[in-house]
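*Asks:* File query06.tsv follows (TSV, C-alpha atoms):
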```tsv
chain	number	residue	atom	x	y	z
A	1	ALA	CA	0.00	0.00	0.00
A	2	MET	CA	1.21	3.50	-0.81
A	3	ALA	CA	2.02	5.55	2.29
A	4	THR	CA	-0.01	8.73	2.77
A	5	ALA	CA	2.17	11.81	2.70
A	6	GLY	CA	2.16	13.85	5.89
A	7	PRO	CA	1.56	17.60	6.08
A	8	ARG	CA	4.16	19.79	4.44
A	9	SER	CA	6.57	21.74	6.65
A	10	PHE	CA	7.21	25.45	6.15
A	11	SER	CA	10.02	27.54	7.54
A	12	ALA	CA	9.32	30.97	8.97
A	13	ALA	CA	11.49	32.47	6.24
A	14	GLU	CA	9.39	30.81	3.54
A	15	VAL	CA	6.19	32.09	5.14
A	16	ARG	CA	7.55	35.63	5.28
A	17	ALA	CA	8.61	35.41	1.65
A	18	ARG	CA	5.16	34.31	0.54
A	19	CYS	CA	3.49	37.05	2.57
A	20	ALA	CA	5.82	39.59	0.97
A	21	GLN	CA	4.52	38.40	-2.42
A	22	GLY	CA	0.92	39.12	-1.38
A	23	ALA	CA	-0.21	35.87	0.22
A	24	CYS	CA	-1.95	35.93	3.58
A	25	LEU	CA	-0.51	33.07	5.65
A	26	VAL	CA	-1.18	32.80	9.37
A	27	SER	CA	-0.34	30.15	11.93
A	28	CYS	CA	-2.14	28.78	14.95
A	29	HIS	CA	-0.24	26.44	17.30
A	30	ARG	CA	2.24	25.54	14.53
A	31	ARG	CA	-0.55	24.81	12.01
A	32	LEU	CA	-0.28	27.04	8.93
A	33	TYR	CA	-3.22	28.43	6.96
A	34	ASP	CA	-3.45	30.24	3.64
A	35	LEU	CA	-6.22	32.84	3.92
A	36	SER	CA	-5.40	34.58	0.65
A	37	GLY	CA	-8.76	33.65	-0.88
A	38	PHE	CA	-10.72	34.65	2.21
A	39	VAL	CA	-9.26	38.03	3.20
A	40	ARG	CA	-11.80	40.08	1.22
A	41	LEU	CA	-14.69	38.24	2.88
A	42	HIS	CA	-13.42	38.51	6.44
A	43	PRO	CA	-16.07	40.21	8.64
A	44	GLY	CA	-13.40	42.25	10.45
A	45	GLY	CA	-12.17	43.64	7.15
A	46	GLU	CA	-9.38	42.73	4.75
A	47	GLN	CA	-6.83	45.06	6.33
A	48	LEU	CA	-7.18	43.40	9.72
A	49	LEU	CA	-6.18	40.04	8.26
A	50	ARG	CA	-3.46	41.58	6.13
A	51	ARG	CA	-1.88	43.07	9.25
A	52	ARG	CA	-1.78	39.61	10.82
A	53	ALA	CA	-0.18	37.94	7.79
A	54	GLY	CA	2.90	35.96	8.82
A	55	THR	CA	1.95	35.88	12.51
A	56	ASP	CA	0.44	33.45	15.00
A	57	VAL	CA	-3.27	34.23	15.50
A	58	SER	CA	-3.85	31.90	18.46
A	59	ALA	CA	-4.57	34.72	20.91
A	60	ALA	CA	-6.48	36.81	18.37
A	61	LEU	CA	-9.01	34.02	17.86
A	62	ASP	CA	-10.12	34.44	21.45
A	63	GLY	CA	-10.31	38.23	21.30
A	64	PRO	CA	-10.76	40.94	22.11
A	65	PRO	CA	-12.33	42.46	20.12
A	66	HIS	CA	-14.08	39.26	18.99
A	67	ARG	CA	-14.07	35.73	20.35
A	68	HIS	CA	-14.28	33.42	17.35
A	69	SER	CA	-16.94	30.71	17.46
A	70	ALA	CA	-16.45	26.97	17.07
A	71	ASN	CA	-17.76	27.26	13.51
A	72	ALA	CA	-15.27	30.02	12.72
A	73	ARG	CA	-12.46	27.76	13.91
A	74	ARG	CA	-13.77	24.90	11.82
A	75	TRP	CA	-13.90	27.30	8.89
A	76	LEU	CA	-10.23	28.16	9.42
A	77	GLU	CA	-9.25	24.50	9.04
A	78	GLN	CA	-10.40	24.53	5.42
A	79	TYR	CA	-7.38	26.65	4.57
A	80	TYR	CA	-4.80	24.41	6.27
A	81	VAL	CA	-1.65	23.98	4.18
A	82	GLY	CA	0.92	22.45	6.54
A	83	GLU	CA	3.01	22.85	9.68
A	84	ILE	CA	5.63	25.32	10.86
A	85	GLU	CA	9.00	23.58	11.02
A	86	PRO	CA	9.93	22.32	14.52
A	87	GLY	CA	12.18	24.75	16.35
A	88	ASP	CA	11.11	27.68	14.19
A	89	GLU	CA	9.54	30.02	16.72
A	90	GLN	CA	9.21	33.23	14.73
A	91	LEU	CA	5.50	32.81	13.99
A	92	ARG	CA	4.48	31.72	17.44
A	93	ALA	CA	2.72	34.10	19.78
A	94	PRO	CA	3.77	34.01	23.45
A	95	TRP	CA	1.73	31.61	25.52
A	96	ASN	CA	-0.44	33.03	28.25
A	97	LYS	CA	-1.50	30.80	31.09
A	98	LYS	CA	-5.05	32.15	30.82
A	99	GLN	CA	-5.21	31.99	27.04
A	100	LEU	CA	-8.19	30.14	25.66
A	101	VAL	CA	-7.46	27.82	22.79
A	102	LEU	CA	-9.50	26.21	20.07
A	103	GLY	CA	-12.48	24.28	21.33
A	104	HIS	CA	-15.71	24.85	23.20
A	105	GLY	CA	-14.32	27.28	25.76
A	106	LYS	CA	-11.84	24.81	27.27
A	107	GLY	CA	-8.34	26.02	27.98
A	108	PHE	CA	-4.94	24.66	28.84
A	109	ALA	CA	-1.66	26.22	29.85
A	110	GLY	CA	1.19	26.07	27.39
A	111	PRO	CA	1.71	24.24	24.09
A	112	ASN	CA	0.56	20.76	25.11
A	113	PRO	CA	1.09	18.43	22.09
A	114	ALA	CA	-1.50	15.90	23.25
A	115	ALA	CA	-4.16	18.59	23.69
A	116	ALA	CA	-3.27	20.10	20.33
A	117	ALA	CA	-3.68	16.70	18.67
A	118	GLN	CA	-7.05	16.26	20.31
A	119	LEU	CA	-8.15	19.69	19.10
A	120	SER	CA	-6.95	18.86	15.62
A	121	ALA	CA	-9.01	15.68	15.60
A	122	TRP	CA	-12.05	17.68	16.68
A	123	TYR	CA	-11.53	20.10	13.79
A	124	TRP	CA	-11.51	17.46	11.12
A	125	ASP	CA	-14.58	15.64	12.38
A	126	GLY	CA	-17.24	15.95	9.72
A	127	LEU	CA	-15.41	18.74	7.91
A	128	CYS	CA	-15.31	18.93	4.13
A	129	VAL	CA	-12.72	20.74	2.05
A	130	PRO	CA	-13.51	23.32	-0.65
A	131	GLN	CA	-12.99	22.21	-4.22
A	132	HIS	CA	-10.29	24.85	-4.69
A	133	TYR	CA	-8.30	23.49	-1.73
A	134	ASN	CA	-6.77	20.05	-2.09
A	135	HIS	CA	-3.90	20.29	0.38
A	136	CYS	CA	-5.05	17.49	2.62
A	137	LEU	CA	-7.44	14.57	2.74
A	138	LEU	CA	-10.45	14.91	5.02
A	139	PRO	CA	-12.89	12.34	6.36
A	140	GLN	CA	-16.08	11.56	4.45
A	141	ASP	CA	-18.81	14.13	5.00
A	142	LEU	CA	-22.39	13.13	5.77
A	143	VAL	CA	-23.31	13.85	2.14
A	144	ASP	CA	-21.66	13.16	-1.21
A	145	TRP	CA	-20.57	16.56	-2.52
A	146	GLN	CA	-20.01	15.11	-5.98
A	147	LYS	CA	-23.79	14.66	-6.33
A	148	PRO	CA	-26.71	17.13	-6.00
A	149	LEU	CA	-27.37	17.76	-2.32
A	150	LEU	CA	-31.08	18.53	-2.38
A	151	TRP	CA	-32.13	14.89	-2.54
A	152	GLN	CA	-29.59	13.76	0.07
A	153	VAL	CA	-30.18	16.10	3.02
A	154	GLY	CA	-33.57	14.65	3.91
A	155	TYR	CA	-31.89	11.40	4.91
A	156	LEU	CA	-29.73	13.15	7.53
A	157	GLY	CA	-32.63	13.12	9.97
A	158	GLU	CA	-31.64	14.30	13.44
A	159	LYS	CA	-28.12	15.11	12.17
A	160	TYR	CA	-29.43	17.66	9.67
A	161	ASP	CA	-29.77	20.67	11.99
A	162	GLU	CA	-26.21	20.45	13.29
A	163	TRP	CA	-24.79	19.65	9.85
A	164	VAL	CA	-26.50	22.54	8.05
A	165	HIS	CA	-25.24	25.03	10.64
A	166	GLN	CA	-21.60	24.03	10.19
A	167	PRO	CA	-20.71	26.31	7.26
A	168	VAL	CA	-18.20	25.40	4.56
A	169	ASP	CA	-16.47	27.34	1.80
A	170	ARG	CA	-17.53	25.52	-1.34
A	171	PRO	CA	-20.25	25.84	-3.98
A	172	ILE	CA	-23.43	23.78	-3.74
A	173	ARG	CA	-25.24	21.91	-6.49
A	174	LEU	CA	-28.91	21.29	-5.80
A	175	PHE	CA	-30.37	19.59	-8.88
A	176	HIS	CA	-29.42	16.93	-11.40
A	177	SER	CA	-31.02	19.00	-14.17
A	178	ASP	CA	-28.79	21.76	-15.54
A	179	PHE	CA	-31.90	23.80	-16.35
A	180	LEU	CA	-33.30	23.64	-12.81
A	181	GLU	CA	-29.84	24.29	-11.43
A	182	SER	CA	-29.55	27.44	-13.54
A	183	LEU	CA	-32.91	28.69	-12.21
A	184	SER	CA	-31.67	28.26	-8.64
A	185	LYS	CA	-28.65	30.50	-9.17
A	186	THR	CA	-28.59	34.25	-9.64
A	187	ALA	CA	-25.91	36.92	-9.97
A	188	TRP	CA	-26.57	39.88	-7.66
A	189	TYR	CA	-27.03	42.39	-10.49
A	190	VAL	CA	-29.83	40.34	-12.08
A	191	VAL	CA	-32.15	41.19	-9.18
A	192	PHE	CA	-31.39	44.89	-9.64
A	193	MET	CA	-31.84	44.74	-13.42
A	194	VAL	CA	-35.12	42.80	-13.27
A	195	TRP	CA	-36.94	44.57	-10.44
A	196	THR	CA	-35.71	48.19	-10.57
A	197	PRO	CA	-37.58	48.95	-13.84
A	198	VAL	CA	-40.69	47.39	-12.30
A	199	VAL	CA	-40.36	49.63	-9.22
A	200	LEU	CA	-39.91	52.75	-11.37
A	201	TYR	CA	-42.83	51.93	-13.66
A	202	LEU	CA	-45.26	51.02	-10.87
A	203	SER	CA	-44.22	54.15	-8.94
A	204	TRP	CA	-45.15	56.27	-11.94
A	205	VAL	CA	-48.45	54.41	-12.37
A	206	SER	CA	-49.29	54.83	-8.67
A	207	TYR	CA	-48.47	58.54	-8.59
A	208	THR	CA	-50.36	59.41	-11.79
A	209	SER	CA	-53.36	57.36	-10.65
A	210	LEU	CA	-53.44	59.14	-7.29
A	211	ALA	CA	-53.16	62.45	-9.15
A	212	GLN	CA	-56.57	61.80	-10.78
A	213	GLY	CA	-58.13	62.31	-7.33
A	214	ASN	CA	-60.41	59.27	-7.46
A	215	THR	CA	-58.75	57.23	-4.70
A	216	ARG	CA	-60.49	57.26	-1.31
A	217	LEU	CA	-59.79	55.18	1.80
A	218	PHE	CA	-62.72	53.26	3.33
A	219	SER	CA	-64.87	54.02	0.28
A	220	SER	CA	-66.03	50.38	0.16
A	221	PHE	CA	-67.63	50.83	3.60
A	222	THR	CA	-68.87	54.41	3.49
A	223	THR	CA	-68.88	57.31	1.06
A	224	GLU	CA	-69.72	59.99	3.62
A	225	TYR	CA	-66.68	59.35	5.82
A	226	SER	CA	-64.21	58.07	3.23
A	227	ILE	CA	-60.83	59.77	3.18
A	228	PRO	CA	-59.34	61.11	-0.07
A	229	VAL	CA	-55.77	59.99	-0.84
A	230	HIS	CA	-53.89	62.79	-2.61
A	231	LYS	CA	-50.90	62.34	-4.88
A	232	TYR	CA	-48.74	64.13	-2.31
A	233	TYR	CA	-49.26	61.17	0.02
A	234	PHE	CA	-47.46	58.82	-2.35
A	235	PRO	CA	-43.94	59.19	-0.83
A	236	PHE	CA	-45.34	58.39	2.63
A	237	ILE	CA	-47.32	55.41	1.36
A	238	PHE	CA	-44.20	54.22	-0.47
A	239	LEU	CA	-42.19	54.54	2.76
A	240	LEU	CA	-44.89	52.62	4.62
A	241	GLY	CA	-44.48	49.81	2.11
A	242	MET	CA	-40.72	49.74	2.73
A	243	ILE	CA	-41.29	49.58	6.50
A	244	LEU	CA	-43.80	46.76	6.09
A	245	TRP	CA	-41.26	44.91	3.97
A	246	SER	CA	-38.62	45.21	6.70
A	247	LEU	CA	-41.06	43.56	9.13
A	248	LEU	CA	-41.95	40.90	6.58
A	249	GLU	CA	-38.24	40.29	5.95
A	250	TYR	CA	-37.76	39.62	9.67
A	251	LEU	CA	-40.83	37.36	10.00
A	252	ILE	CA	-40.01	35.26	6.94
A	253	HIS	CA	-36.39	34.89	7.97
A	254	ARG	CA	-37.25	33.87	11.51
A	255	PHE	CA	-40.37	31.74	11.15
A	256	VAL	CA	-40.05	30.28	7.64
A	257	PHE	CA	-36.35	30.16	6.82
A	258	HIS	CA	-35.39	29.18	10.37
A	259	MET	CA	-38.10	26.68	11.08
A	260	LYS	CA	-36.63	23.48	12.48
A	261	PRO	CA	-37.98	20.65	10.34
A	262	PRO	CA	-38.88	17.40	12.15
A	263	ALA	CA	-36.00	14.95	11.96
A	264	SER	CA	-38.37	12.27	10.67
A	265	ASN	CA	-39.78	14.36	7.80
A	266	TYR	CA	-37.67	13.96	4.67
A	267	TYR	CA	-39.74	16.46	2.66
A	268	LEU	CA	-39.68	19.29	5.21
A	269	ILE	CA	-35.91	18.92	5.62
A	270	THR	CA	-35.54	19.04	1.84
A	271	LEU	CA	-37.79	22.12	1.65
A	272	HIS	CA	-35.86	23.86	4.41
A	273	PHE	CA	-32.56	23.21	2.65
A	274	LEU	CA	-33.98	24.53	-0.63
A	275	LEU	CA	-35.33	27.71	0.99
A	276	HIS	CA	-32.50	28.63	3.33
A	277	GLY	CA	-30.43	25.72	4.61
A	278	GLN	CA	-28.22	25.78	1.52
A	279	HIS	CA	-27.29	29.39	2.32
A	280	HIS	CA	-26.28	28.56	5.87
A	281	LYS	CA	-24.25	25.56	4.70
A	282	SER	CA	-22.38	27.61	2.10
A	283	PRO	CA	-22.75	31.28	3.13
A	284	PHE	CA	-20.23	32.59	0.57
A	285	ASP	CA	-21.60	30.85	-2.51
A	286	SER	CA	-21.93	34.03	-4.59
A	287	SER	CA	-24.55	32.55	-6.94
A	288	ARG	CA	-26.97	31.81	-4.08
A	289	LEU	CA	-27.05	35.05	-2.08
A	290	VAL	CA	-30.05	36.68	-3.77
A	291	PHE	CA	-33.50	35.35	-4.62
A	292	PRO	CA	-33.79	34.08	-8.23
A	293	PRO	CA	-36.35	36.16	-10.18
A	294	VAL	CA	-38.51	33.21	-11.32
A	295	PRO	CA	-39.48	31.89	-7.87
A	296	ALA	CA	-39.36	35.45	-6.49
A	297	SER	CA	-42.03	36.54	-8.97
A	298	LEU	CA	-44.42	33.93	-7.53
A	299	VAL	CA	-43.94	35.17	-3.98
A	300	ILE	CA	-44.12	38.82	-5.03
A	301	GLY	CA	-47.32	38.12	-6.99
A	302	PHE	CA	-48.87	36.54	-3.90
A	303	PHE	CA	-48.23	39.59	-1.75
A	304	TYR	CA	-49.53	41.88	-4.47
A	305	GLY	CA	-52.76	39.88	-4.51
A	306	VAL	CA	-53.10	40.17	-0.73
A	307	LEU	CA	-52.69	43.96	-0.84
A	308	ARG	CA	-55.23	44.21	-3.67
A	309	LEU	CA	-57.76	42.40	-1.47
A	310	LEU	CA	-57.09	44.55	1.61
A	311	LEU	CA	-56.73	48.03	0.10
A	312	PRO	CA	-58.17	50.11	-2.75
A	313	GLU	CA	-56.43	49.28	-6.02
A	314	VAL	CA	-54.13	52.31	-6.34
A	315	LEU	CA	-53.43	52.48	-2.60
A	316	GLY	CA	-52.54	48.80	-2.54
A	317	LEU	CA	-50.28	49.27	-5.54
A	318	SER	CA	-48.51	52.21	-3.85
A	319	VAL	CA	-47.83	50.15	-0.71
A	320	PHE	CA	-46.76	47.21	-2.86
A	321	VAL	CA	-44.21	49.17	-4.89
A	322	GLY	CA	-42.66	50.53	-1.69
A	323	GLY	CA	-42.38	46.98	-0.38
A	324	LEU	CA	-40.88	45.82	-3.67
A	325	CYS	CA	-38.27	48.57	-3.45
A	326	GLY	CA	-37.52	47.44	0.11
A	327	TYR	CA	-37.02	43.89	-1.14
A	328	VAL	CA	-34.54	45.01	-3.83
A	329	ILE	CA	-32.58	47.02	-1.27
A	330	TYR	CA	-32.62	44.00	1.09
A	331	ASP	CA	-31.26	41.62	-1.55
A	332	MET	CA	-28.52	44.06	-2.57
A	333	MET	CA	-27.56	44.61	1.06
A	334	HIS	CA	-27.54	40.89	1.78
A	335	TYR	CA	-25.10	40.29	-1.03
A	336	TYR	CA	-22.91	43.16	0.15
A	337	LEU	CA	-22.91	41.91	3.74
A	338	HIS	CA	-21.35	38.69	2.47
A	339	TYR	CA	-19.06	39.97	-0.27
A	340	GLY	CA	-18.50	43.64	0.49
A	341	SER	CA	-15.72	45.22	2.56
A	342	PRO	CA	-17.37	48.14	4.37
A	343	LYS	CA	-15.17	50.64	6.14
A	344	LYS	CA	-14.65	50.04	9.84
A	345	GLY	CA	-16.96	52.09	12.03
A	346	THR	CA	-19.69	52.47	9.40
A	347	TYR	CA	-23.26	51.21	9.72
A	348	LEU	CA	-22.68	48.51	7.11
A	349	TYR	CA	-19.51	47.36	8.88
A	350	GLY	CA	-21.48	46.70	12.06
A	351	LEU	CA	-24.30	45.10	10.09
A	352	LYS	CA	-21.88	42.77	8.29
A	353	ALA	CA	-20.32	41.62	11.58
A	354	TYR	CA	-23.81	41.16	13.01
A	355	HIS	CA	-25.00	39.04	10.09
A	356	VAL	CA	-21.87	36.88	10.06
A	357	LYS	CA	-22.41	36.19	13.78
A	358	HIS	CA	-25.89	34.98	12.84
A	359	HIS	CA	-24.36	32.54	10.37
A	360	PHE	CA	-21.51	31.24	12.47
A	361	GLU	CA	-22.72	31.36	16.08
A	362	HIS	CA	-26.17	32.83	16.74
A	363	GLN	CA	-28.47	31.02	14.33
A	364	LYS	CA	-31.44	31.44	16.69
A	365	SER	CA	-31.17	35.22	16.86
A	366	GLY	CA	-30.11	38.15	14.70
A	367	PHE	CA	-32.85	37.69	12.09
A	368	GLY	CA	-32.76	41.29	10.87
A	369	ILE	CA	-30.62	41.68	7.76
A	370	SER	CA	-31.15	45.14	6.27
A	371	THR	CA	-31.81	46.47	9.77
A	372	ARG	CA	-31.53	45.25	13.36
A	373	PHE	CA	-34.64	47.24	14.34
A	374	TRP	CA	-37.09	44.33	14.59
A	375	ASP	CA	-34.67	42.25	16.65
A	376	TYR	CA	-35.26	44.68	19.53
A	377	PRO	CA	-39.06	44.33	20.04
A	378	PHE	CA	-38.95	40.60	19.26
A	379	ARG	CA	-36.02	40.12	21.67
A	380	THR	CA	-33.78	38.30	19.22
A	381	LEU	CA	-30.91	40.77	19.27
A	382	ILE	CA	-27.47	39.17	19.26
A	383	PRO	CA	-25.81	40.16	22.56
A	384	GLU	CA	-22.69	42.25	22.59
A	385	GLU	CA	-19.50	40.41	23.52
A	386	THR	CA	-17.81	41.17	26.82
A	387	PHE	CA	-14.29	40.31	27.95
A	388	LYS	CA	-13.05	40.00	31.50
A	389	LYS	CA	-9.88	41.84	32.32
A	390	GLU	CA	-6.91	39.64	33.22
A	391	ASP	CA	-5.31	39.86	36.64
```
Translate this structure into structure tokens?
*Replies:*
Amino acid sequence: AMATAGPRSFSAAEVRARCAQGACLVSCHRRLYDLSGFVRLHPGGEQLLRRRAGTDVSAALDGPPHRHSANARRWLEQYYVGEIEPGDEQLRAPWNKKQLVLGHGKGFAGPNPAAAAQLSAWYWDGLCVPQHYNHCLLPQDLVDWQKPLLWQVGYLGEKYDEWVHQPVDRPIRLFHSDFLESLSKTAWYVVFMVWTPVVLYLSWVSYTSLAQGNTRLFSSFTTEYSIPVHKYYFPFIFLLGMILWSLLEYLIHRFVFHMKPPASNYYLITLHFLLHGQHHKSPFDSSRLVFPPVPASLVIGFFYGVLRLLLPEVLGLSVFVGGLCGYVIYDMMHYYLHYGSPKKGTYLYGLKAYHVKHHFEHQKSGFGISTRFWDYPFRTLIPEETFKKED
């Protein structure tokens, strides 16, 4: 039998040379990782990772300012490329007797090889490697990534919930059919190109219809006390639609996308994965970050019908177009929160960090995406991290 090659060894000089050429290599307890393909996506910003290139990030993983979750540490292992050569100490951070190391909050004092080996084994358990990383062989995942996943996940049963919330950096294929697969993927700009003309056209229709002066509220119940709706009200009605969308965004995300399907129900697990589970499993799959226009049109048509039943035609259309604009903004923001690099200290910077925490650690809270507003009254706000001062 052919012997399996062990991990490659790197000298500190070689690591420094690669970093000087633009690579982003970091170490953690002698294990070396190449984060070059991830730096732009890092929630703390690209520059933060660039500043740590060529250093040991063991202490940084535990914060402050941020204590990295178990999923974040699993994520790091996908970029493993080898080991720092024995005796080469340049990349190693000084050990602190109170320093927390990788794991579920357990700590140990000093570089204990046995503990490090145990942690390493924990990392690899159930982990799958991205297609663009082939540096090491990993154990078999619970699914076969060479085949469409949609028809496999239902068989995971009670293991599904834990599996789907352990994110990986690799693209997902859902369907056998290339046609259906193409309908399930969308570039971010397609949403903007498809729905922005609709928003502009329906805004014009709503405003010009209100300008005719024939729209009255409660006219179906009474003519004497009905309230006229002037064209000058349109911006406020439009804004109301956007606010209603933000609430709907929260409710759908929390109660539909984050329903926990029964472990015994193959079809509900499959549906959950199709609607949202796929996004949590592969949060940086750029083709699956916005809602494809074909299925989106069915959902949008449903809500338009509901508003037509509840409100006078033009008034319902005005609320609807505001909500549709809110949806477009939401989808664009969602893509940016995953792939953008907002400047530190800005609103979007905080929102990006907040959303990534939802993906990696707080899946049962933080359901607001374009805004955290609704997380406050519904008490699902992700708590701020606190750090105790060392003696």
*Asks:* Give me the residues near range 362-371 of chain A as a PyMOL selection string, where near means some atom within 7 Å (using all atoms listed in the file) and where sequence neighbours in that chain fewer than 4 positions away do not count.
*Replies:* chain A and resi 250+253-254+330+333-334+355+357-358+375+380-382
*Asks:* I need the residue nearest Leu200 in chain A from this list: A:Thr55, A:Thr346, A:Asn214, A:Ser318. Use all atoms listed in the file for the distance.
*Replies:*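 With all atoms listed in the file as the atom set, the closest residue is A:Ser318.
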*Asks:* Taking all atoms listed in the file into account, which of A:Tyr327, A:Phe291, A:Tyr349, A:Phe360 comes nearest Thr196 in chain A?
*Replies:*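 Nearest to Thr196 in chain A: A:Tyr327.
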*Asks:* Of the residues A:Met332, A:Val15, A:Leu239, A:Leu337, which is the one nearest to Met193 in chain A, using only C-alpha atoms?
*Replies:*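 Comparing A:Met332, A:Val15, A:Leu239, A:Leu337 against Met193 in chain A, the winner is A:Met332.
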*Asks:* If you measure from CA of Arg51 in chain A to CA of Ser282 in chain A, what distance in Å do you get, rounded to one decimal?
*Replies:*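 Answer for the CA of Arg51 in chain A to CA of Ser282 in chain A separation: 26.7 Å.
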*Asks:* Tell me, in Å to one decimal, how far CA of Gln152 in chain A is from CA of Asn71 in chain A.
*Replies:*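 Calculated distance between CA of Gln152 in chain A and CA of Asn71 in chain A is 22.4 Å.
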